[in-house]
file target.cif (mmCIF, C-alpha atoms)
data_start
loop_
_atom_site.label_atom_id
_atom_site.label_comp_id
_atom_site.auth_asym_id
_atom_site.auth_seq_id
_atom_site.Cartn_x
_atom_site.Cartn_y
_atom_site.Cartn_z
CA MET A 1 97.36 24.31 153.78
CA ASP A 2 98.33 27.97 154.21
CA VAL A 3 97.44 29.05 150.68
CA ASP A 4 94.92 27.11 148.62
CA PHE A 5 92.57 28.11 145.84
CA ASP A 6 90.21 26.02 143.72
CA PRO A 7 88.43 28.03 140.97
CA ARG A 8 85.99 25.19 140.25
CA VAL A 9 84.00 25.67 143.46
CA LYS A 10 80.74 27.62 143.10
CA PRO A 11 79.62 29.36 146.30
CA LEU A 12 75.91 28.60 145.81
CA ASP A 13 76.53 24.88 145.21
CA LEU A 14 78.70 24.76 148.33
CA PHE A 15 76.01 26.55 150.36
CA ASN A 16 73.27 24.14 149.25
CA ASN A 17 75.42 21.07 149.88
CA THR A 18 76.56 22.36 153.27
CA TYR A 19 73.60 24.05 154.89
CA THR A 20 70.53 22.34 153.40
CA GLY A 21 69.65 18.66 153.67
CA GLY A 22 67.91 16.53 151.06
CA GLN A 23 64.53 18.03 152.00
CA GLY A 24 65.85 21.59 152.28
CA ASN A 25 66.16 21.45 156.08
CA PRO A 26 69.02 23.43 157.68
CA GLN A 27 72.09 21.44 158.75
CA ASN A 28 75.67 21.97 159.95
CA LEU A 29 74.67 25.02 161.99
CA PHE A 30 75.66 24.09 165.55
CA GLN A 31 78.14 21.98 167.47
CA SER A 32 77.02 19.85 170.41
CA TYR A 33 79.00 19.90 173.65
CA PRO A 34 77.56 17.10 175.82
CA GLY A 35 77.84 17.69 179.53
CA SER A 36 78.44 21.45 179.22
CA LYS A 37 76.15 24.06 180.75
CA PHE A 38 75.05 25.36 177.34
CA GLY A 39 74.81 22.06 175.40
CA SER A 40 75.45 23.48 171.93
CA ALA A 41 76.72 26.60 170.18
CA PRO A 42 76.92 27.92 166.59
CA LYS A 43 79.86 26.33 164.83
CA PHE A 44 83.10 28.21 164.36
CA SER A 45 84.17 28.74 160.77
CA TRP A 46 86.85 26.04 160.92
CA GLN A 47 84.27 23.52 162.16
CA ARG A 48 82.17 23.96 159.03
CA PRO A 49 82.94 22.87 155.46
CA THR A 50 82.66 26.53 154.44
CA GLY A 51 85.43 27.43 156.89
CA ARG A 52 87.80 27.33 153.94
CA LEU A 53 86.15 30.50 152.65
CA HIS A 54 86.12 33.94 154.15
CA GLU A 55 82.52 33.50 155.17
CA PRO A 56 80.96 37.02 155.12
CA GLN A 57 82.16 37.35 151.53
CA PHE A 58 81.08 33.76 150.84
CA PHE A 59 77.46 34.41 151.79
CA ALA A 60 77.47 37.68 149.83
CA ALA A 61 78.82 35.79 146.80
CA CYS A 62 75.95 33.30 147.06
CA ILE A 63 73.41 36.14 146.89
CA ASN A 64 75.28 37.82 144.04
CA GLU A 65 75.27 34.55 142.14
CA LEU A 66 71.48 34.39 142.43
CA ASP A 67 71.13 38.01 141.30
CA ALA A 68 73.41 37.39 138.34
CA PHE A 69 71.35 34.34 137.37
CA ARG A 70 68.09 36.33 137.61
CA VAL A 71 69.42 39.05 135.28
CA ARG A 72 70.61 36.50 132.70
CA ALA A 73 67.43 34.43 132.91
CA GLN A 74 65.02 37.36 132.58
CA ARG A 75 66.98 38.71 129.64
CA ARG A 76 66.62 35.41 127.78
CA MET A 77 63.05 34.53 128.80
CA PRO A 78 60.19 35.30 126.35
CA LYS A 79 58.39 38.59 126.97
CA LYS A 80 55.51 38.61 124.47
CA LEU A 81 52.73 36.79 126.33
CA LYS A 82 51.03 37.43 129.64
CA ALA A 83 52.17 34.02 130.82
CA ASP A 84 55.76 35.07 130.14
CA ALA A 85 55.44 37.94 132.62
CA LYS A 86 54.06 35.52 135.24
CA ALA A 87 56.99 33.15 134.65
CA ARG A 88 59.46 35.97 135.16
CA ASN A 89 57.66 37.05 138.32
CA ASP A 90 57.60 33.46 139.65
CA LEU A 91 61.34 33.23 139.05
CA THR A 92 61.94 36.44 141.01
CA VAL A 93 59.81 35.19 143.94
CA ARG A 94 61.67 31.87 144.00
CA LEU A 95 65.08 33.53 143.92
CA ASN A 96 64.07 35.99 146.65
CA GLY A 97 63.09 33.02 148.83
CA MET A 98 66.51 31.43 148.27
CA LYS A 99 68.20 34.73 149.11
CA GLU A 100 66.19 34.94 152.34
CA ASP A 101 67.30 31.43 153.33
CA ILE A 102 70.92 32.52 152.89
CA ARG A 103 70.33 35.74 154.83
CA VAL A 104 68.71 33.92 157.77
CA ILE A 105 71.70 31.58 158.16
CA ALA A 106 74.36 34.23 157.53
CA GLU A 107 72.92 37.15 159.53
CA ASP A 108 70.38 35.74 162.01
CA TRP A 109 72.23 32.55 162.94
CA PHE A 110 75.96 33.18 162.50
CA GLY A 111 75.75 36.95 163.07
CA PHE A 112 77.60 38.12 159.96
CA PRO A 113 76.69 41.76 159.16
CA ALA A 114 74.73 42.44 156.01
CA ASP A 115 76.66 43.76 153.02
CA THR A 116 75.13 47.15 152.18
CA ASP A 117 77.75 48.18 149.64
CA ALA A 118 77.17 48.15 145.90
CA GLU A 119 76.84 44.60 144.60
CA ARG A 120 79.70 43.11 142.68
CA GLY A 121 79.97 40.13 140.42
CA SER A 122 80.06 36.68 142.00
CA PHE A 123 83.37 34.98 142.51
CA GLY A 124 84.11 31.30 142.05
CA GLY A 125 86.59 29.26 144.02
CA MET A 126 87.64 28.95 147.60
CA THR A 127 90.66 29.88 149.69
CA THR A 128 91.68 29.73 153.35
CA ASN A 129 91.56 32.43 155.99
CA ASP A 130 93.79 32.85 159.04
CA PHE A 131 91.36 31.29 161.49
CA TYR A 132 90.92 28.14 159.43
CA ALA A 133 94.63 27.88 158.60
CA LYS A 134 95.64 27.98 162.28
CA ALA A 135 93.01 25.41 163.19
CA ALA A 136 94.17 23.20 160.32
CA HIS A 137 97.74 23.38 161.62
CA PHE A 138 96.69 21.98 164.98
CA VAL A 139 94.39 19.34 163.50
CA LEU A 140 97.29 18.16 161.35
CA LEU A 141 99.65 18.25 164.34
CA LYS A 142 97.21 16.12 166.34
CA GLU A 143 96.95 13.59 163.51
CA MET A 144 100.75 13.34 163.20
CA LEU A 145 101.44 12.78 166.91
CA PRO A 146 101.07 9.34 168.50
CA LYS A 147 98.33 9.00 171.08
CA GLY A 148 99.61 10.16 174.44
CA ARG A 149 100.27 13.24 176.52
CA ILE A 150 100.77 16.55 174.69
CA VAL A 151 102.45 19.66 176.10
CA LEU A 152 101.88 22.53 173.67
CA THR A 153 103.64 25.90 173.87
CA THR A 154 102.34 28.81 171.81
CA GLU A 155 102.66 32.55 171.74
CA GLN A 156 99.79 34.65 173.09
CA VAL A 157 97.77 34.54 169.85
CA ALA A 158 94.28 36.02 170.26
CA MET A 159 92.38 33.43 168.21
CA LEU A 160 93.84 30.33 169.91
CA PRO A 161 91.36 30.24 172.86
CA ASN A 162 88.62 29.75 170.26
CA ILE A 163 90.51 26.89 168.60
CA LEU A 164 92.62 24.71 170.90
CA PRO A 165 89.96 23.60 173.43
CA HIS A 166 87.90 22.23 170.54
CA VAL A 167 90.70 20.61 168.54
CA PHE A 168 92.12 18.88 171.63
CA GLU A 169 88.82 18.29 173.45
CA GLU A 170 89.36 14.52 173.72
CA GLU A 171 92.86 14.95 175.16
CA ILE A 172 91.71 17.61 177.64
CA LEU A 173 88.89 15.42 178.97
CA ALA A 174 91.37 12.53 179.34
CA ASP A 175 93.84 14.86 181.15
CA ARG A 176 96.48 14.29 178.46
CA PHE A 177 96.85 17.88 177.27
CA VAL A 178 98.71 20.91 178.65
CA TRP A 179 98.74 24.30 176.95
CA LEU A 180 101.33 26.93 177.88
CA ALA A 181 100.98 30.42 176.36
CA MET A 182 103.88 32.84 176.40
CA LYS A 183 104.94 36.31 175.35
CA PHE A 184 108.41 37.79 175.15
CA LYS A 185 110.20 40.86 173.86
CA GLU A 186 111.02 40.06 170.24
CA LYS A 187 112.41 43.38 168.99
CA THR A 188 115.59 44.06 170.92
CA THR A 189 119.06 45.36 170.15
CA LYS A 190 122.14 43.17 170.45
CA PRO A 191 123.55 45.18 173.41
CA GLU A 192 120.24 44.82 175.28
CA LYS A 193 120.23 41.05 174.67
CA LEU A 194 123.81 40.64 175.82
CA GLY A 195 123.28 42.84 178.86
CA LYS A 196 120.18 41.07 180.15
CA VAL A 197 121.59 37.60 179.52
CA LYS A 198 124.80 38.55 181.35
CA VAL A 199 122.90 39.83 184.41
CA TYR A 200 120.74 36.68 184.49
CA LYS A 201 123.70 34.31 184.20
CA LYS A 202 125.51 36.11 187.02
CA SER A 203 122.44 35.95 189.26
CA ARG A 204 121.83 32.27 188.52
CA ARG A 205 125.50 31.42 189.15
CA GLN A 206 125.34 33.16 192.54
CA PHE A 207 122.07 31.35 193.32
CA HIS A 208 123.71 28.01 192.47
CA ASN A 209 126.76 28.74 194.63
CA ASP A 210 124.60 29.80 197.58
CA GLY A 211 122.56 26.62 197.20
CA MET A 212 125.72 24.51 197.23
CA TYR A 213 126.93 26.13 200.47
CA ALA A 214 123.49 25.73 202.05
CA GLY A 215 123.23 22.05 201.07
CA ARG A 216 120.27 22.68 198.76
CA PHE A 217 122.26 21.44 195.76
CA SER A 218 125.04 18.91 195.37
CA PRO A 219 127.72 18.45 192.68
CA GLU A 220 125.38 15.85 191.08
CA THR A 221 122.43 18.27 190.78
CA ASP A 222 121.66 18.79 187.09
CA ALA A 223 121.34 22.24 185.49
CA ARG A 224 117.61 21.92 184.90
CA THR A 225 116.88 21.31 188.58
CA VAL A 226 118.91 24.40 189.50
CA THR A 227 117.12 26.51 186.88
CA GLU A 228 113.66 25.36 188.03
CA ALA A 229 114.60 26.19 191.62
CA TYR A 230 115.80 29.63 190.49
CA ILE A 231 112.49 30.18 188.67
CA ALA A 232 110.50 29.11 191.73
CA ASP A 233 112.36 31.55 193.99
CA HIS A 234 112.30 34.54 191.62
CA MET A 235 108.99 34.28 189.70
CA ALA A 236 106.36 36.99 190.14
CA PRO A 237 102.78 37.59 188.91
CA ALA A 238 102.75 39.36 185.55
CA MET A 239 100.55 42.45 185.28
CA ARG A 240 99.97 45.47 183.08
CA GLY A 241 100.10 48.12 185.75
CA THR A 242 97.25 47.12 188.04
CA ARG A 243 95.43 45.05 185.42
CA PRO A 244 95.80 41.37 184.37
CA TYR A 245 98.54 40.72 181.83
CA PRO A 246 96.80 38.68 179.07
CA GLY A 247 94.48 40.02 176.39
CA SER A 248 90.71 39.76 176.71
CA ASN A 249 90.50 36.45 174.79
CA TYR A 250 92.46 34.79 177.61
CA GLN A 251 90.51 36.49 180.42
CA ILE A 252 87.70 33.93 180.51
CA PRO A 253 86.49 31.77 183.43
CA THR A 254 87.88 28.62 181.81
CA PHE A 255 91.49 29.81 182.08
CA PRO A 256 93.49 30.75 185.20
CA LYS A 257 93.88 34.48 185.74
CA LEU A 258 97.49 34.13 186.88
CA TRP A 259 100.38 34.74 184.45
CA ILE A 260 104.00 34.58 185.55
CA SER A 261 106.97 36.82 184.76
CA ALA A 262 109.83 34.37 184.22
CA PRO A 263 113.15 35.44 185.81
CA THR A 264 115.23 33.63 183.17
CA GLN A 265 116.70 35.57 180.25
CA ALA A 266 117.56 33.77 177.00
CA SER A 267 118.89 35.65 173.99
CA GLY A 268 115.84 34.78 171.89
CA GLU A 269 113.24 35.13 174.67
CA LEU A 270 113.85 38.23 176.77
CA ASP A 271 111.42 39.31 179.49
CA LYS A 272 109.31 36.17 179.05
CA VAL A 273 105.80 35.97 180.49
CA VAL A 274 104.03 32.61 180.76
CA GLY A 275 100.33 31.80 181.08
CA PHE A 276 98.68 28.45 181.86
CA PRO A 277 95.39 28.20 179.92
CA ILE A 278 95.20 24.40 180.34
CA LEU A 279 97.12 22.58 183.07
CA PRO A 280 96.92 19.00 184.39
CA GLY A 281 93.70 18.35 186.28
CA HIS A 282 95.29 18.21 189.75
CA LEU A 283 96.81 21.67 189.27
CA ARG A 284 94.19 23.40 187.10
CA GLN A 285 91.64 24.29 189.77
CA LYS A 286 94.34 25.26 192.26
CA VAL A 287 95.79 27.84 189.86
CA LYS A 288 92.34 29.09 188.84
CA ASN A 289 91.69 30.02 192.46
CA ILE A 290 94.75 32.31 192.59
CA PRO A 291 94.10 36.01 191.76
CA PHE A 292 95.99 37.50 188.82
CA ASP A 293 98.21 39.46 191.25
CA GLY A 294 99.01 36.54 193.56
CA PRO A 295 100.16 35.88 196.25
CA LEU A 296 102.31 32.82 195.43
CA ASP A 297 103.11 30.43 198.26
CA THR A 298 106.06 28.04 198.22
CA ASP A 299 104.04 25.02 197.07
CA ILE A 300 102.51 26.73 194.04
CA ARG A 301 105.89 28.18 193.07
CA GLU A 302 107.44 24.72 193.06
CA GLU A 303 104.54 23.26 191.06
CA LEU A 304 104.54 26.02 188.42
CA ALA A 305 108.33 26.31 188.00
CA PRO A 306 108.67 23.19 185.75
CA TRP A 307 105.92 24.50 183.46
CA VAL A 308 107.53 27.92 183.22
CA TYR A 309 110.79 26.15 182.35
CA LYS A 310 109.07 24.14 179.57
CA ALA A 311 107.38 27.21 178.04
CA THR A 312 109.94 27.98 175.33
CA LEU A 313 110.03 28.17 171.54
CA GLN A 314 113.81 27.93 171.31
CA PRO A 315 114.03 24.34 169.97
CA ALA A 316 111.64 24.99 167.08
CA SER A 317 113.25 28.36 166.37
CA THR A 318 116.74 26.86 166.29
CA PHE A 319 115.60 24.12 163.93
CA MET A 320 113.87 26.53 161.55
CA ASN A 321 116.80 28.93 161.51
CA SER A 322 119.12 26.02 160.74
CA LEU A 323 116.83 24.88 157.94
CA ARG A 324 116.77 28.33 156.37
CA GLU A 325 120.54 28.58 156.45
CA ARG A 326 121.09 25.21 154.80
CA LEU A 327 118.40 25.07 152.08
CA SER A 328 118.58 27.72 149.42
CA LEU A 329 114.86 27.40 148.66
CA ALA A 330 114.09 28.32 152.28
CA ASP A 331 116.89 30.84 152.75
CA ARG A 332 115.74 34.14 154.24
CA ALA A 333 117.56 37.34 155.03
CA GLY A 334 117.77 38.10 158.73
CA SER A 335 116.95 34.63 159.95
CA GLY A 336 119.54 34.96 162.72
CA GLY A 337 120.80 31.39 162.40
CA ALA A 338 124.44 32.30 163.10
CA ARG A 339 123.92 35.10 165.62
CA ILE A 340 123.14 35.07 169.32
CA GLY A 341 119.50 34.11 168.88
CA GLY A 342 116.67 33.56 166.47
CA SER A 343 114.66 36.42 165.08
CA TYR A 344 111.13 35.09 164.83
CA VAL A 345 110.33 35.73 161.16
CA GLN A 346 106.66 35.16 160.41
CA GLY A 347 106.02 32.51 157.80
CA LEU A 348 107.31 28.98 157.62
CA SER A 349 108.37 28.94 161.25
CA SER A 350 104.77 29.39 162.40
CA ILE A 351 104.06 25.78 161.44
CA LEU A 352 106.51 24.38 163.97
CA ARG A 353 106.58 27.11 166.57
CA PHE A 354 103.22 25.90 167.81
#
call {"tool": "encode", "arguments": {"input": "target.cif", "output": "structure tokens"}}
result
Amino acid sequence: MDVDFDPRVKPLDLFNNTYTGGQGNPQNLFQSYPGSKFGSAPKFSWQRPTGRLHEPQFFAACINELDAFRVRAQRRMPKKLKADAKARNDLTVRLNGMKEDIRVIAEDWFGFPADTDAERGSFGGMTTNDFYAKAAHFVLLKEMLPKGRIVLTTEQVAMLPNILPHVFEEEILADRFVWLAMKFKEKTTKPEKLGKVKVYKKSRRQFHNDGMYAGRFSPETDARTVTEAYIADHMAPAMRGTRPYPGSNYQIPTFPKLWISAPTQASGELDKVVGFPILPGHLRQKVKNIPFDGPLDTDIREELAPWVYKATLQPASTFMNSLRERLSLADRAGSGGARIGGSYVQGLSSILRF
């Protein structure tokens, strides 16, 4: 799924089978969104059969294939008679029309820039790109999970807002899907990790003791309830100076503007910031109405604290680090399986970290 290549695929055959119907009419160009304000939109690459190719190069390869065919055909066609010249000219006109059909779909519809560089030979075969591979991960994840409620935690990956609402559209409409996005400080020294974790544990212990004296907690109160209460009391809006925290892909009207700086410190997730792109229906509009810089009243703090608590990659990271340590085929240097926390090595872990 991450790396795939089939040399038997010819770009022009794939284009004709994908984008032209039996009568040559265009097809597979847009996706319908019933009930939305815009109705339809050009399909994303992963929504199209050609999404398995890097599409700007794919369309260029289709044109190059036609040019290569024209050169071969004209070299082999007879040249003695006047009718031969007309046949060669008719072939050129026909191929130019096919090239224009490709250009209209590639440039005018999907907006891919024209390739003005020197032409190269056509390639055969297909492979995946990052956008398609990430979408395929989530489609596979959806197929593997039983039907029910899904709470998905991801890192703040720029392309995910263009993927997840479409893959999980059915679950979102049925209010069975929650998406939590997070960011944390991955590159830290061991002394910094130990220092921040120590300060957090001391503060949480004092918070727990104060709550016991005040009657807020009892000896039967579980650790998760105490941690969620600590988060509710100490959370703050996350910002970059005076600007919103998330990148531009997350700053869209569909998602809440508010991101939260989590007060908890875990060895693998220091200085964690959590966003709430998709929340349960009863909470979604309420959070969308809160500015990116707050304020946060008591009720919203208590409602968001459990979601901040759930926004963690630690279980998947621990599992993947354990797997690398125990299977020689998956063993990696620096996996961090036996140290104070996981070091998030890009690669195999990305499958399960989502």
call {"tool": "resolve_selection", "arguments": {"input": "target.cif", "expression": "the PyMOL selection byres ((chain A and resi 152-154) around 9)", "output": "list in words"}}
result
Ile150, Val151, Glu155, Gln156, Val157, Leu160, Phe177, Val178, Trp179, Leu180, Ala181, Met182, Lys183, Lys310, Ala311, Thr312, Leu313, Arg353 and Phe354 of chain A
call {"tool": "resolve_selection", "arguments": {"input": "target.cif", "expression": "the PyMOL selection byres ((chain A and resi 306) around 10)", "output": "ChimeraX atom specification"}}
result
/A:224-225,227-229,231-232,301-305,307-311
call {"tool": "write_last_selection", "arguments": {"input": "target.cif", "atoms": "C-alpha atoms", "output": "PDB file, keeping the file's coordinate frame"}}
result
ATOM      1  CA  ARG A 224     117.610  21.920 184.900  1.00  0.00           C
ATOM      2  CA  THR A 225     116.880  21.310 188.580  1.00  0.00           C
ATOM      3  CA  THR A 227     117.120  26.510 186.880  1.00  0.00           C
ATOM      4  CA  GLU A 228     113.660  25.360 188.030  1.00  0.00           C
ATOM      5  CA  ALA A 229     114.600  26.190 191.620  1.00  0.00           C
ATOM      6  CA  ILE A 231     112.490  30.180 188.670  1.00  0.00           C
ATOM      7  CA  ALA A 232     110.500  29.110 191.730  1.00  0.00           C
ATOM      8  CA  ARG A 301     105.890  28.180 193.070  1.00  0.00           C
ATOM      9  CA  GLU A 302     107.440  24.720 193.060  1.00  0.00           C
ATOM     10  CA  GLU A 303     104.540  23.260 191.060  1.00  0.00           C
ATOM     11  CA  LEU A 304     104.540  26.020 188.420  1.00  0.00           C
ATOM     12  CA  ALA A 305     108.330  26.310 188.000  1.00  0.00           C
ATOM     13  CA  TRP A 307     105.920  24.500 183.460  1.00  0.00           C
ATOM     14  CA  VAL A 308     107.530  27.920 183.220  1.00  0.00           C
ATOM     15  CA  TYR A 309     110.790  26.150 182.350  1.00  0.00           C
ATOM     16  CA  LYS A 310     109.070  24.140 179.570  1.00  0.00           C
ATOM     17  CA  ALA A 311     107.380  27.210 178.040  1.00  0.00           C
TER      18      ALA A 311
END
call {"tool": "residues_around", "arguments": {"input": "target.cif", "residues": "segment 91-98 of chain A", "least_positions_apart": "6", "cutoff": "12 Å", "atoms": "only C-alpha atoms", "output": "list in words"}}
result
Leu12, Phe15, Asn16, Thr20, Gly24, Phe59, Cys62, Ile63, Asn64, Glu65, Leu66, Asp67, Ala68, Phe69, Arg70, Val71, Arg72, Ala73, Gln74, Met77, Asp84, Ala85, Val104 and Ile105 of chain A
call {"tool": "atom_distance", "arguments": {"input": "target.cif", "atom1": "atom CA of Thr50 of chain A", "atom2": "atom CA of Leu141 of chain A"}}
result
21.3 Å
call {"tool": "atom_distance", "arguments": {"input": "target.cif", "atom1": "atom CA of Asp108 of chain A", "atom2": "atom CA of Glu169 of chain A"}}
result
27.8 Å
call {"tool": "resolve_selection", "arguments": {"input": "target.cif", "expression": "the PyMOL selection byres ((chain A and resi 46) around 7)", "output": "PDB file with C-alpha atoms, in the coordinates of the input"}}
result
ATOM      1  CA  PHE A  44      83.100  28.210 164.360  1.00  0.00           C
ATOM      2  CA  SER A  45      84.170  28.740 160.770  1.00  0.00           C
ATOM      3  CA  GLN A  47      84.270  23.520 162.160  1.00  0.00           C
ATOM      4  CA  ARG A  48      82.170  23.960 159.030  1.00  0.00           C
ATOM      5  CA  GLY A  51      85.430  27.430 156.890  1.00  0.00           C
ATOM      6  CA  PHE A 131      91.360  31.290 161.490  1.00  0.00           C
ATOM      7  CA  TYR A 132      90.920  28.140 159.430  1.00  0.00           C
ATOM      8  CA  ALA A 135      93.010  25.410 163.190  1.00  0.00           C
TER       9      ALA A 135
END
call {"tool": "closest_residue", "arguments": {"input": "target.cif", "among": "A:Leu194, A:Ala238, A:Leu279, A:Ile260", "to": "Arg176 of chain A", "atoms": "only C-alpha atoms"}}
result
A:Leu279
call {"tool": "atom_distance", "arguments": {"input": "target.cif", "atom1": "atom CA of Met235 of chain A", "atom2": "atom CA of Phe207 of chain A"}}
result
13.9 Å
call {"tool": "residues_near_point", "arguments": {"input": "target.cif", "point": "(89.3, 30.9, 171.5)", "cutoff": "12 Å", "atoms": "all atoms listed in the file", "output": "PyMOL selection string"}}
result
chain A and resi 44+46+131+134-135+156-167+247-252+254-255+277
call {"tool": "closest_residue", "arguments": {"input": "target.cif", "among": "A:Gly294, A:Arg75, A:Gly211, A:Tyr19", "to": "Asp101 of chain A", "atoms": "only C-alpha atoms"}}
result
A:Tyr19
call {"tool": "closest_residue", "arguments": {"input": "target.cif", "among": "A:Tyr200, A:Leu14, A:His208, A:Arg284", "to": "Ala262 of chain A", "atoms": "all atoms listed in the file"}}
result
A:Tyr200
